[in-house]
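Colleague: Below is the file my_file-v4.pdb, with PDB, C-alpha atoms.
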```
ATOM      1  CA  VAL A  28       0.000   0.000   0.000
ATOM      2  CA  SER A  29       1.429   3.362  -0.966
ATOM      3  CA  GLN A  30       2.035   5.929   1.778
ATOM      4  CA  SER A  31      -0.378   8.461   0.238
ATOM      5  CA  ARG A  32      -3.195   5.872   0.060
ATOM      6  CA  TYR A  33      -2.464   4.871   3.651
ATOM      7  CA  ASP A  34      -2.742   8.489   4.784
ATOM      8  CA  GLU A  35      -6.011   9.126   2.944
ATOM      9  CA  THR A  36      -7.801   6.091   4.320
ATOM     10  CA  HIS A  37      -6.468   6.411   7.869
ATOM     11  CA  ILE A  38      -7.453  10.031   8.491
ATOM     12  CA  TRP A  39     -11.021   9.617   9.668
ATOM     13  CA  THR A  40     -11.761  13.351   9.490
ATOM     14  CA  SER A  41     -11.490  13.047   5.677
ATOM     15  CA  LEU A  42     -15.016  11.736   5.326
ATOM     16  CA  ALA A  43     -14.858  11.251   1.548
ATOM     17  CA  THR A  44     -11.656   9.146   1.509
ATOM     18  CA  ALA A  45     -11.390   7.545   4.947
ATOM     19  CA  ASN A  46     -12.213   3.872   5.332
ATOM     20  CA  GLY A  47     -12.553   3.332   9.049
ATOM     21  CA  VAL A  48     -14.262  -0.041   8.781
ATOM     22  CA  GLN A  49     -11.354  -1.367   6.706
ATOM     23  CA  ASN A  50      -8.870   0.182   9.174
ATOM     24  CA  LEU A  51     -10.605  -1.646  12.025
ATOM     25  CA  TYR A  52     -10.713  -4.901  10.035
ATOM     26  CA  ASP A  53      -6.983  -4.674   9.260
ATOM     27  CA  ALA A  54      -6.172  -3.859  12.893
ATOM     28  CA  VAL A  55      -8.205  -6.822  14.183
ATOM     29  CA  ASP A  56      -6.463  -9.038  11.643
ATOM     30  CA  GLN A  57      -3.070  -7.850  12.906
ATOM     31  CA  TYR A  58      -4.170  -8.378  16.528
ATOM     32  CA  VAL A  59      -5.287 -11.946  15.763
ATOM     33  CA  ASP A  60      -2.016 -12.666  13.928
ATOM     34  CA  THR A  61      -0.101 -11.472  17.016
ATOM     35  CA  ASN A  62      -2.198 -13.041  19.779
ATOM     36  CA  GLY A  63      -4.168 -15.896  18.228
ATOM     37  CA  PHE A  64      -7.525 -14.376  19.216
ATOM     38  CA  ALA A  65      -9.512 -11.202  18.608
ATOM     39  CA  PRO A  66     -10.023  -8.393  21.114
ATOM     40  CA  ASP A  67     -13.334  -8.341  22.961
ATOM     41  CA  TYR A  68     -14.109  -4.646  22.404
ATOM     42  CA  ILE A  69     -12.948  -1.553  20.605
ATOM     43  CA  TYR A  70     -12.993   1.652  22.619
ATOM     44  CA  MET A  71     -13.083   5.107  21.077
ATOM     45  CA  SER A  72     -14.494   8.543  21.777
ATOM     46  CA  ARG A  73     -18.033   9.462  20.806
ATOM     47  CA  LYS A  74     -16.570  12.003  18.349
ATOM     48  CA  LEU A  75     -14.451   9.347  16.638
ATOM     49  CA  LEU A  76     -17.447   6.988  16.457
ATOM     50  CA  ASN A  77     -19.484   9.759  14.834
ATOM     51  CA  LEU A  78     -16.720  10.318  12.266
ATOM     52  CA  LEU A  79     -16.730   6.586  11.490
ATOM     53  CA  MET A  80     -20.501   6.626  10.906
ATOM     54  CA  GLN A  81     -20.255   9.723   8.662
ATOM     55  CA  GLN A  82     -17.570   8.332   6.321
ATOM     56  CA  GLN A  83     -18.685   7.656   2.772
ATOM     57  CA  SER A  84     -17.145   4.175   2.882
ATOM     58  CA  THR A  85     -19.272   3.339   5.952
ATOM     59  CA  LYS A  86     -22.400   4.630   4.195
ATOM     60  CA  ASP A  87     -21.515   2.474   1.176
ATOM     61  CA  SER A  88     -21.086  -0.562   3.443
ATOM     62  CA  ALA A  89     -24.462   0.135   5.070
ATOM     63  CA  SER A  90     -26.103   0.473   1.635
ATOM     64  CA  SER A  91     -24.799  -2.975   0.718
ATOM     65  CA  LEU A  92     -26.777  -4.385   3.663
ATOM     66  CA  THR A  93     -30.059  -2.828   2.514
ATOM     67  CA  VAL A  94     -31.854  -2.307  -0.780
ATOM     68  CA  THR A  95     -31.873   1.470  -0.449
ATOM     69  CA  GLN A  96     -29.108   4.028  -0.352
ATOM     70  CA  VAL A  97     -28.187   5.077   3.172
ATOM     71  CA  GLY A  98     -27.818   8.769   3.942
ATOM     72  CA  THR A  99     -27.120   8.387   7.646
ATOM     73  CA  VAL A 100     -25.582   5.364   9.325
ATOM     74  CA  SER A 101     -27.161   4.511  12.667
ATOM     75  CA  PRO A 102     -25.309   2.773  15.500
ATOM     76  CA  ALA A 103     -27.361  -0.373  14.770
ATOM     77  CA  MET A 104     -26.328  -0.302  11.098
ATOM     78  CA  LEU A 105     -22.688   0.145  12.074
ATOM     79  CA  GLY A 106     -23.023  -2.773  14.478
ATOM     80  CA  ALA A 107     -24.339  -4.963  11.636
ATOM     81  CA  ILE A 108     -21.439  -3.882   9.390
ATOM     82  CA  LEU A 109     -18.894  -4.712  12.087
ATOM     83  CA  GLU A 110     -20.504  -8.050  12.900
ATOM     84  CA  ALA A 111     -20.558  -9.030   9.204
ATOM     85  CA  ARG A 112     -16.792  -8.376   9.025
ATOM     86  CA  GLY A 113     -15.974 -10.117  12.325
ATOM     87  CA  ILE A 114     -15.002  -6.859  14.027
ATOM     88  CA  PRO A 115     -15.703  -6.629  17.785
ATOM     89  CA  PRO A 116     -18.331  -4.186  19.060
ATOM     90  CA  ILE A 117     -17.418  -0.559  19.675
ATOM     91  CA  LYS A 118     -17.866   1.075  23.061
ATOM     92  CA  THR A 119     -17.504   4.804  23.583
ATOM     93  CA  PHE A 120     -15.279   6.144  26.318
ATOM     94  CA  ASP A 121     -15.164   9.871  27.016
ATOM     95  CA  GLU A 122     -14.255   9.972  30.693
ATOM     96  CA  GLN A 123     -11.907  12.627  32.008
ATOM     97  CA  PHE A 124      -9.927  13.321  35.140
ATOM     98  CA  ARG A 125      -8.618  16.494  36.724
ATOM     99  CA  ASN A 126      -4.886  16.797  36.165
ATOM    100  CA  GLU A 127      -2.985  19.036  38.577
ATOM    101  CA  LEU A 128      -0.320  21.083  36.831
ATOM    102  CA  ALA A 129       2.928  22.387  38.357
ATOM    103  CA  ASP A 130       1.256  25.731  39.122
ATOM    104  CA  LYS A 131      -1.446  23.832  41.106
ATOM    105  CA  SER A 132      -4.149  24.599  38.533
ATOM    106  CA  LEU A 133      -6.491  21.783  37.527
ATOM    107  CA  VAL A 134      -7.073  20.882  33.891
ATOM    108  CA  LYS A 135      -9.608  18.386  32.563
ATOM    109  CA  THR A 136      -7.713  15.639  30.750
ATOM    110  CA  ARG A 137      -9.118  12.742  28.741
ATOM    111  CA  PHE A 138      -8.125   9.177  29.542
ATOM    112  CA  LEU A 139      -8.469   8.269  25.841
ATOM    113  CA  ASN A 140      -7.562  10.762  23.118
ATOM    114  CA  THR A 141     -10.308  11.640  20.628
ATOM    115  CA  ASP A 142      -8.099  10.626  17.676
ATOM    116  CA  ARG A 143      -7.400   7.009  18.741
ATOM    117  CA  PHE A 144      -9.110   3.695  19.080
ATOM    118  CA  VAL A 145      -7.883   0.946  21.390
ATOM    119  CA  PHE A 146      -8.540  -2.754  21.691
ATOM    120  CA  VAL A 147      -9.564  -4.284  24.993
ATOM    121  CA  LYS A 148      -9.414  -7.933  26.027
ATOM    122  CA  GLU A 149     -11.369  -9.016  29.108
ATOM    123  CA  ASN A 150      -9.096  -9.701  32.086
ATOM    124  CA  MET A 151      -6.041  -8.330  30.295
ATOM    125  CA  GLY A 152      -4.842  -6.789  33.535
ATOM    126  CA  GLU A 153      -5.456  -6.573  37.218
ATOM    127  CA  ARG A 154      -5.270  -3.972  39.961
ATOM    128  CA  ALA A 155      -2.543  -4.309  42.562
ATOM    129  CA  MET A 156      -3.193  -2.621  45.919
ATOM    130  CA  GLY A 157      -0.330  -1.338  48.020
ATOM    131  CA  PRO A 158       0.056  -0.060  51.570
ATOM    132  CA  THR A 159      -0.508   3.542  52.648
ATOM    133  CA  LEU A 160       0.832   5.449  55.640
ATOM    134  CA  GLU A 161      -2.702   6.537  56.528
ATOM    135  CA  ASN A 162      -3.758   2.870  56.733
ATOM    136  CA  ASN A 163      -0.851   1.985  59.090
ATOM    137  CA  GLY A 164       1.048   0.249  56.297
ATOM    138  CA  LYS A 165      -1.811  -2.074  55.389
ATOM    139  CA  GLU A 166      -3.020  -2.676  51.835
ATOM    140  CA  GLY A 167      -6.418  -1.416  50.785
ATOM    141  CA  VAL A 168      -8.373   1.798  50.598
ATOM    142  CA  TYR A 169      -8.199   4.062  53.653
ATOM    143  CA  VAL A 170     -11.438   5.956  54.276
ATOM    144  CA  VAL A 171     -12.208   8.451  57.033
ATOM    145  CA  THR A 172     -15.221  10.752  57.372
ATOM    146  CA  TYR A 173     -15.378  13.694  59.755
ATOM    147  CA  SER A 174     -17.701  16.581  60.456
ATOM    148  CA  LYS A 175     -16.252  19.869  59.214
ATOM    149  CA  SER A 176     -19.035  22.056  60.614
ATOM    150  CA  GLN A 177     -22.308  21.636  62.414
ATOM    151  CA  VAL A 178     -24.069  24.697  60.933
ATOM    152  CA  PRO A 179     -24.441  24.268  58.073
ATOM    153  CA  PRO A 180     -23.843  20.552  58.384
ATOM    154  CA  VAL A 181     -20.821  19.614  56.268
ATOM    155  CA  ASP A 182     -19.125  16.224  56.357
ATOM    156  CA  VAL A 183     -15.821  15.484  54.635
ATOM    157  CA  THR A 184     -14.759  12.061  53.409
ATOM    158  CA  VAL A 185     -11.098  11.480  52.648
ATOM    159  CA  THR A 186      -9.779   8.399  50.883
ATOM    160  CA  THR A 187      -6.246   7.314  50.187
ATOM    161  CA  ALA A 188      -5.055   4.297  48.262
ATOM    162  CA  THR A 189      -2.036   3.038  46.417
ATOM    163  CA  MET A 190      -3.089   1.195  43.300
ATOM    164  CA  LEU A 191      -1.222   0.134  40.215
ATOM    165  CA  PRO A 192      -2.544  -1.549  37.088
ATOM    166  CA  VAL A 193      -0.572  -4.682  36.231
ATOM    167  CA  PHE A 194      -0.529  -6.140  32.710
ATOM    168  CA  SER A 195       1.394  -9.368  32.253
ATOM    169  CA  ASP A 196       1.184  -9.522  28.438
ATOM    170  CA  PRO A 197       2.022  -6.293  26.586
ATOM    171  CA  LYS A 198       0.967  -7.871  23.268
ATOM    172  CA  LEU A 199      -2.647  -7.426  24.337
ATOM    173  CA  PHE A 200      -2.298  -3.651  23.967
ATOM    174  CA  TYR A 201      -3.277  -2.160  20.625
ATOM    175  CA  SER A 202      -3.945   1.471  19.805
ATOM    176  CA  GLN A 203      -4.057   3.344  16.530
ATOM    177  CA  LYS A 204      -4.198   7.032  15.732
ATOM    178  CA  VAL A 205      -6.698   7.632  12.941
ATOM    179  CA  SER A 206      -7.320  11.335  12.813
ATOM    180  CA  ALA A 207      -5.209  14.398  12.232
TER     181      ALA A 207
END
```
What is this structure when it is put down as structure tokens?

Modeller:
Amino acid sequence: VSQSRYDETHIWTSLATANGVQNLYDAVDQYVDTNGFAPDYIYMSRKLLNLLMQQQSTKDSASSLTVTQVGTVSPAMLGAILEARGIPPIKTFDEQFRNELADKSLVKTRFLNTDRFVFVKENMGERAMGPTLENNGKEGVYVVTYSKSQVPPVDVTVTTATMLPVFSDPKLFYSQKVSA
């Protein structure tokens, strides 16, 4: 595949030339070649999913499933397209966390970038719990609630934990950037 063709079909914001369904099919194929099994789910942002459903190639694929031309691809139609190609279901993930910067300001930050999709395999990792000073060196989540004021009544709950995700097989990770 030439580099220019690769670029045109892999930039999902180019709705006329992108071929997201084929990109997903190729990625699943590569994942199966590496691991011997397919991922269970594909995670992406709602915005990236909407781009996938708006691509002309996706509309053409949906039209091949019906007798009429499709102007808008619904999530159900996309699901049928994916299932027909043996591509796992797509789940959207748009969650964010507050990231504290060096100047102590808080900035909303996405866990998953809007220009990427990732593959997920059930039980691909586990959570390891560690000790905390607040919990007297014991593992687990330390929780304490106290009354900050009586009038107005305000209670404060503080939690502390040391957790680390552990993944024993790095080959289970797959992510691809598909948008400029």

Colleague: Can you find the residues with an atom no farther than 8 Å from (-14.4, 8.5, 16.2), counting all atoms listed in the file, and report them as a list of chain:residue names?

Modeller: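 Residues close enough to count: A:Trp39, A:Met71, A:Ser72, A:Arg73, A:Lys74, A:Leu75, A:Leu76, A:Asn77, A:Leu78, A:Leu79, A:Thr141, A:Asp142, A:Arg143, A:Phe144.
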
Colleague: Keeping only C-alpha atoms, take the residues you just selected and write them out as a PDB file, in the coordinates of the input.

Modeller:
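Result file out38.pdb:
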```pdb
ATOM      1  CA  TRP A  39     -11.021   9.617   9.668  1.00  0.00           C
ATOM      2  CA  MET A  71     -13.083   5.107  21.077  1.00  0.00           C
ATOM      3  CA  SER A  72     -14.494   8.543  21.777  1.00  0.00           C
ATOM      4  CA  ARG A  73     -18.033   9.462  20.806  1.00  0.00           C
ATOM      5  CA  LYS A  74     -16.570  12.003  18.349  1.00  0.00           C
ATOM      6  CA  LEU A  75     -14.451   9.347  16.638  1.00  0.00           C
ATOM      7  CA  LEU A  76     -17.447   6.988  16.457  1.00  0.00           C
ATOM      8  CA  ASN A  77     -19.484   9.759  14.834  1.00  0.00           C
ATOM      9  CA  LEU A  78     -16.720  10.318  12.266  1.00  0.00           C
ATOM     10  CA  LEU A  79     -16.730   6.586  11.490  1.00  0.00           C
ATOM     11  CA  THR A 141     -10.308  11.640  20.628  1.00  0.00           C
ATOM     12  CA  ASP A 142      -8.099  10.626  17.676  1.00  0.00           C
ATOM     13  CA  ARG A 143      -7.400   7.009  18.741  1.00  0.00           C
ATOM     14  CA  PHE A 144      -9.110   3.695  19.080  1.00  0.00           C
TER      15      PHE A 144
END
```

Colleague: Report, in Å with one decimal, the straight-line distance from CA of Asn140 (chain A) to CA of Phe120 (chain A).

Modeller: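 Spanning CA of Asn140 (chain A) to CA of Phe120 (chain A) is a straight-line distance of 9.5 Å.
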
Colleague: With region 58-70 of chain A as the partner and 9 Å as the cut-off, tabulate the residues of region 106-186 of chain A that qualify, each row holding the nearest pair of atoms and their distance in Å to one decimal, using only C-alpha atoms, sorted by chain and rising number, as JSON lines.

Modeller:
```
{"residue": "A:Ile114", "atom": "CA", "partner": "A:Ala65", "partner_atom": "CA", "distance": 8.4}
{"residue": "A:Pro115", "atom": "CA", "partner": "A:Tyr68", "partner_atom": "CA", "distance": 5.3}
{"residue": "A:Pro116", "atom": "CA", "partner": "A:Tyr68", "partner_atom": "CA", "distance": 5.4}
{"residue": "A:Ile117", "atom": "CA", "partner": "A:Ile69", "partner_atom": "CA", "distance": 4.7}
{"residue": "A:Lys118", "atom": "CA", "partner": "A:Tyr70", "partner_atom": "CA", "distance": 4.9}
{"residue": "A:Thr119", "atom": "CA", "partner": "A:Tyr70", "partner_atom": "CA", "distance": 5.6}
{"residue": "A:Phe120", "atom": "CA", "partner": "A:Tyr70", "partner_atom": "CA", "distance": 6.3}
{"residue": "A:Leu139", "atom": "CA", "partner": "A:Tyr70", "partner_atom": "CA", "distance": 8.6}
{"residue": "A:Arg143", "atom": "CA", "partner": "A:Tyr70", "partner_atom": "CA", "distance": 8.7}
{"residue": "A:Phe144", "atom": "CA", "partner": "A:Tyr70", "partner_atom": "CA", "distance": 5.6}
{"residue": "A:Val145", "atom": "CA", "partner": "A:Tyr70", "partner_atom": "CA", "distance": 5.3}
{"residue": "A:Phe146", "atom": "CA", "partner": "A:Ile69", "partner_atom": "CA", "distance": 4.7}
{"residue": "A:Val147", "atom": "CA", "partner": "A:Tyr68", "partner_atom": "CA", "distance": 5.2}
{"residue": "A:Lys148", "atom": "CA", "partner": "A:Pro66", "partner_atom": "CA", "distance": 5.0}
{"residue": "A:Glu149", "atom": "CA", "partner": "A:Asp67", "partner_atom": "CA", "distance": 6.5}
```

Colleague: Write the residues of the preceding selection, restricted to C-alpha atoms, as a PDB file, in the coordinates of the input.

Modeller:
```pdb
ATOM      1  CA  ILE A 114     -15.002  -6.859  14.027  1.00  0.00           C
ATOM      2  CA  PRO A 115     -15.703  -6.629  17.785  1.00  0.00           C
ATOM      3  CA  PRO A 116     -18.331  -4.186  19.060  1.00  0.00           C
ATOM      4  CA  ILE A 117     -17.418  -0.559  19.675  1.00  0.00           C
ATOM      5  CA  LYS A 118     -17.866   1.075  23.061  1.00  0.00           C
ATOM      6  CA  THR A 119     -17.504   4.804  23.583  1.00  0.00           C
ATOM      7  CA  PHE A 120     -15.279   6.144  26.318  1.00  0.00           C
ATOM      8  CA  LEU A 139      -8.469   8.269  25.841  1.00  0.00           C
ATOM      9  CA  ARG A 143      -7.400   7.009  18.741  1.00  0.00           C
ATOM     10  CA  PHE A 144      -9.110   3.695  19.080  1.00  0.00           C
ATOM     11  CA  VAL A 145      -7.883   0.946  21.390  1.00  0.00           C
ATOM     12  CA  PHE A 146      -8.540  -2.754  21.691  1.00  0.00           C
ATOM     13  CA  VAL A 147      -9.564  -4.284  24.993  1.00  0.00           C
ATOM     14  CA  LYS A 148      -9.414  -7.933  26.027  1.00  0.00           C
ATOM     15  CA  GLU A 149     -11.369  -9.016  29.108  1.00  0.00           C
TER      16      GLU A 149
END
```

Colleague: Evaluated on this file, the PyMOL selection byres ((chain A and resi 184) around 8) picks out some residues - which ones are they, written as a list in words?

Modeller: Val170, Val171, Thr172, Tyr173, Asp182, Val183, Val185 and Thr186 of chain A

Colleague: Take the PyMOL selection byres ((chain A and resi 187) around 6), run it mentally on this structure, and tell me the resulting residues as JSON, numbers by chain.

Modeller: {"A": [168, 169, 186, 188]}

Colleague: For Ser84 (chain A), please output as an MDAnalysis selection string all residues within 9 Å (counting only C-alpha atoms; exclusion window: fewer than 3 positions along the same chain).

Modeller: chainID A and resid 42:49 79 81 87:89

Colleague: What gap, in Å, lies between CA of Glu161 (chain A) and CA of Arg137 (chain A)?

Modeller: 29.2 Å

Colleague: Work out how far apart CA of Thr159 (chain A) and CA of Thr189 (chain A) are and give it in Å to one decimal.

Modeller: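 These two atoms are separated by 6.4 Å.
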
Colleague: For a quick check of understanding, using only C-alpha atoms, which of A:Met190, A:Leu51, A:Gln83, A:Asp56 has the smallest distance to Leu109 (chain A)?

Modeller: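 The closest residue to Leu109 (chain A) is A:Leu51.
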
Colleague: Just checking: using all atoms listed in the file, which residue out of A:Asn150, A:Thr40, A:Asn163, A:Asn126 ends up closest to Asp196 (chain A)?

Modeller: A:Asn150

Colleague: Report as AutoDock Vina command-line options the centre and the edge lengths, in Å to one decimal, of the axis-aligned box holding every listed atom of region 51-70 of chain A, padded by 6 Å on each side.

Modeller:
```
--center_x -7.1 --center_y -7.1 --center_z 16.1 --size_x 26.0 --size_y 29.5 --size_z 25.7
```

Colleague: Nearest to Gln82 (chain A) among A:Phe124, A:Leu191, A:Val55, A:Ser41, with distances taken over only C-alpha atoms: which residue is it?

Modeller: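 Nearest candidate to Gln82 (chain A) out of A:Phe124, A:Leu191, A:Val55, A:Ser41: A:Ser41.
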
Colleague: Go through A:Pro179, A:Ser195, A:Ser101, A:Arg154 and flag the residue nearest Gly167 (chain A), using only C-alpha atoms for the distances.

Modeller: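 Of A:Pro179, A:Ser195, A:Ser101, A:Arg154, the one nearest Gly167 (chain A), counting only C-alpha atoms, is A:Arg154.
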
Colleague: For the provided coordinates, the residues matched by the PyMOL selection byres ((chain A and resi 166) around 6) should be stated as JSON, numbers by chain.

Modeller: {"A": [156, 157, 158, 165, 167]}

Colleague: Since fewer atoms than expected are present, regenerate all heavy atoms for region 180-191 of chain A and write them as a PDB file, in the coordinates of the input.

Modeller:
```pdb
ATOM      1  N   PRO A 180     -24.489  21.860  58.225  1.00  0.00           N
ATOM      2  CA  PRO A 180     -23.843  20.552  58.384  1.00  0.00           C
ATOM      3  C   PRO A 180     -23.020  20.188  57.147  1.00  0.00           C
ATOM      4  O   PRO A 180     -23.544  20.129  56.032  1.00  0.00           O
ATOM      5  CB  PRO A 180     -25.005  19.587  58.576  1.00  0.00           C
ATOM      6  CG  PRO A 180     -26.217  20.314  58.086  1.00  0.00           C
ATOM      7  CD  PRO A 180     -25.928  21.775  58.153  1.00  0.00           C
ATOM      8  N   VAL A 181     -21.728  19.987  57.363  1.00  0.00           N
ATOM      9  CA  VAL A 181     -20.821  19.614  56.268  1.00  0.00           C
ATOM     10  C   VAL A 181     -19.936  18.480  56.763  1.00  0.00           C
ATOM     11  O   VAL A 181     -19.233  18.624  57.770  1.00  0.00           O
ATOM     12  CB  VAL A 181     -19.949  20.810  55.817  1.00  0.00           C
ATOM     13  CG1 VAL A 181     -18.955  20.369  54.746  1.00  0.00           C
ATOM     14  CG2 VAL A 181     -20.810  21.955  55.309  1.00  0.00           C
ATOM     15  N   ASP A 182     -20.001  17.353  56.064  1.00  0.00           N
ATOM     16  CA  ASP A 182     -19.125  16.224  56.357  1.00  0.00           C
ATOM     17  C   ASP A 182     -18.096  16.106  55.236  1.00  0.00           C
ATOM     18  O   ASP A 182     -18.377  16.404  54.075  1.00  0.00           O
ATOM     19  CB  ASP A 182     -19.912  14.916  56.453  1.00  0.00           C
ATOM     20  CG  ASP A 182     -20.787  14.858  57.693  1.00  0.00           C
ATOM     21  OD1 ASP A 182     -20.508  15.613  58.644  1.00  0.00           O
ATOM     22  OD2 ASP A 182     -21.743  14.059  57.704  1.00  0.00           O
ATOM     23  N   VAL A 183     -16.909  15.660  55.599  1.00  0.00           N
ATOM     24  CA  VAL A 183     -15.821  15.484  54.635  1.00  0.00           C
ATOM     25  C   VAL A 183     -15.399  14.025  54.676  1.00  0.00           C
ATOM     26  O   VAL A 183     -15.192  13.465  55.766  1.00  0.00           O
ATOM     27  CB  VAL A 183     -14.625  16.402  54.976  1.00  0.00           C
ATOM     28  CG1 VAL A 183     -13.470  16.131  54.039  1.00  0.00           C
ATOM     29  CG2 VAL A 183     -15.039  17.859  54.920  1.00  0.00           C
ATOM     30  N   THR A 184     -15.271  13.424  53.513  1.00  0.00           N
ATOM     31  CA  THR A 184     -14.759  12.061  53.409  1.00  0.00           C
ATOM     32  C   THR A 184     -13.446  12.107  52.651  1.00  0.00           C
ATOM     33  O   THR A 184     -13.371  12.678  51.559  1.00  0.00           O
ATOM     34  CB  THR A 184     -15.757  11.140  52.683  1.00  0.00           C
ATOM     35  OG1 THR A 184     -16.983  11.127  53.418  1.00  0.00           O
ATOM     36  CG2 THR A 184     -15.218   9.724  52.566  1.00  0.00           C
ATOM     37  N   VAL A 185     -12.425  11.513  53.247  1.00  0.00           N
ATOM     38  CA  VAL A 185     -11.098  11.480  52.648  1.00  0.00           C
ATOM     39  C   VAL A 185     -10.738  10.024  52.393  1.00  0.00           C
ATOM     40  O   VAL A 185     -10.932   9.168  53.259  1.00  0.00           O
ATOM     41  CB  VAL A 185     -10.050  12.126  53.591  1.00  0.00           C
ATOM     42  CG1 VAL A 185      -8.661  12.035  52.993  1.00  0.00           C
ATOM     43  CG2 VAL A 185     -10.418  13.563  53.901  1.00  0.00           C
ATOM     44  N   THR A 186     -10.227   9.750  51.204  1.00  0.00           N
ATOM     45  CA  THR A 186      -9.779   8.399  50.883  1.00  0.00           C
ATOM     46  C   THR A 186      -8.354   8.458  50.365  1.00  0.00           C
ATOM     47  O   THR A 186      -7.952   9.422  49.714  1.00  0.00           O
ATOM     48  CB  THR A 186     -10.662   7.727  49.816  1.00  0.00           C
ATOM     49  OG1 THR A 186     -10.585   8.477  48.614  1.00  0.00           O
ATOM     50  CG2 THR A 186     -12.089   7.627  50.264  1.00  0.00           C
ATOM     51  N   THR A 187      -7.611   7.440  50.678  1.00  0.00           N
ATOM     52  CA  THR A 187      -6.246   7.314  50.187  1.00  0.00           C
ATOM     53  C   THR A 187      -6.030   5.859  49.805  1.00  0.00           C
ATOM     54  O   THR A 187      -6.450   4.954  50.526  1.00  0.00           O
ATOM     55  CB  THR A 187      -5.220   7.727  51.266  1.00  0.00           C
ATOM     56  OG1 THR A 187      -5.510   9.043  51.704  1.00  0.00           O
ATOM     57  CG2 THR A 187      -3.809   7.690  50.724  1.00  0.00           C
ATOM     58  N   ALA A 188      -5.367   5.656  48.690  1.00  0.00           N
ATOM     59  CA  ALA A 188      -5.055   4.297  48.262  1.00  0.00           C
ATOM     60  C   ALA A 188      -3.819   4.335  47.376  1.00  0.00           C
ATOM     61  O   ALA A 188      -3.512   5.351  46.751  1.00  0.00           O
ATOM     62  CB  ALA A 188      -6.227   3.689  47.501  1.00  0.00           C
ATOM     63  N   THR A 189      -3.135   3.230  47.350  1.00  0.00           N
ATOM     64  CA  THR A 189      -2.036   3.038  46.417  1.00  0.00           C
ATOM     65  C   THR A 189      -2.448   1.886  45.513  1.00  0.00           C
ATOM     66  O   THR A 189      -2.600   0.762  45.975  1.00  0.00           O
ATOM     67  CB  THR A 189      -0.725   2.697  47.157  1.00  0.00           C
ATOM     68  OG1 THR A 189      -0.442   3.737  48.084  1.00  0.00           O
ATOM     69  CG2 THR A 189       0.420   2.542  46.186  1.00  0.00           C
ATOM     70  N   MET A 190      -2.666   2.219  44.251  1.00  0.00           N
ATOM     71  CA  MET A 190      -3.089   1.195  43.300  1.00  0.00           C
ATOM     72  C   MET A 190      -2.233   1.300  42.045  1.00  0.00           C
ATOM     73  O   MET A 190      -1.814   2.393  41.654  1.00  0.00           O
ATOM     74  CB  MET A 190      -4.552   1.366  42.920  1.00  0.00           C
ATOM     75  CG  MET A 190      -5.498   1.051  44.033  1.00  0.00           C
ATOM     76  SD  MET A 190      -7.212   1.107  43.501  1.00  0.00           S
ATOM     77  CE  MET A 190      -7.666   2.703  44.137  1.00  0.00           C
ATOM     78  N   LEU A 191      -2.019   0.177  41.418  1.00  0.00           N
ATOM     79  CA  LEU A 191      -1.222   0.134  40.215  1.00  0.00           C
ATOM     80  C   LEU A 191      -1.824  -0.905  39.271  1.00  0.00           C
ATOM     81  O   LEU A 191      -2.065  -2.038  39.682  1.00  0.00           O
ATOM     82  CB  LEU A 191       0.220  -0.260  40.568  1.00  0.00           C
ATOM     83  CG  LEU A 191       1.234  -0.326  39.459  1.00  0.00           C
ATOM     84  CD1 LEU A 191       1.501   1.078  38.894  1.00  0.00           C
ATOM     85  CD2 LEU A 191       2.527  -0.925  39.965  1.00  0.00           C
TER      86      LEU A 191
END
```
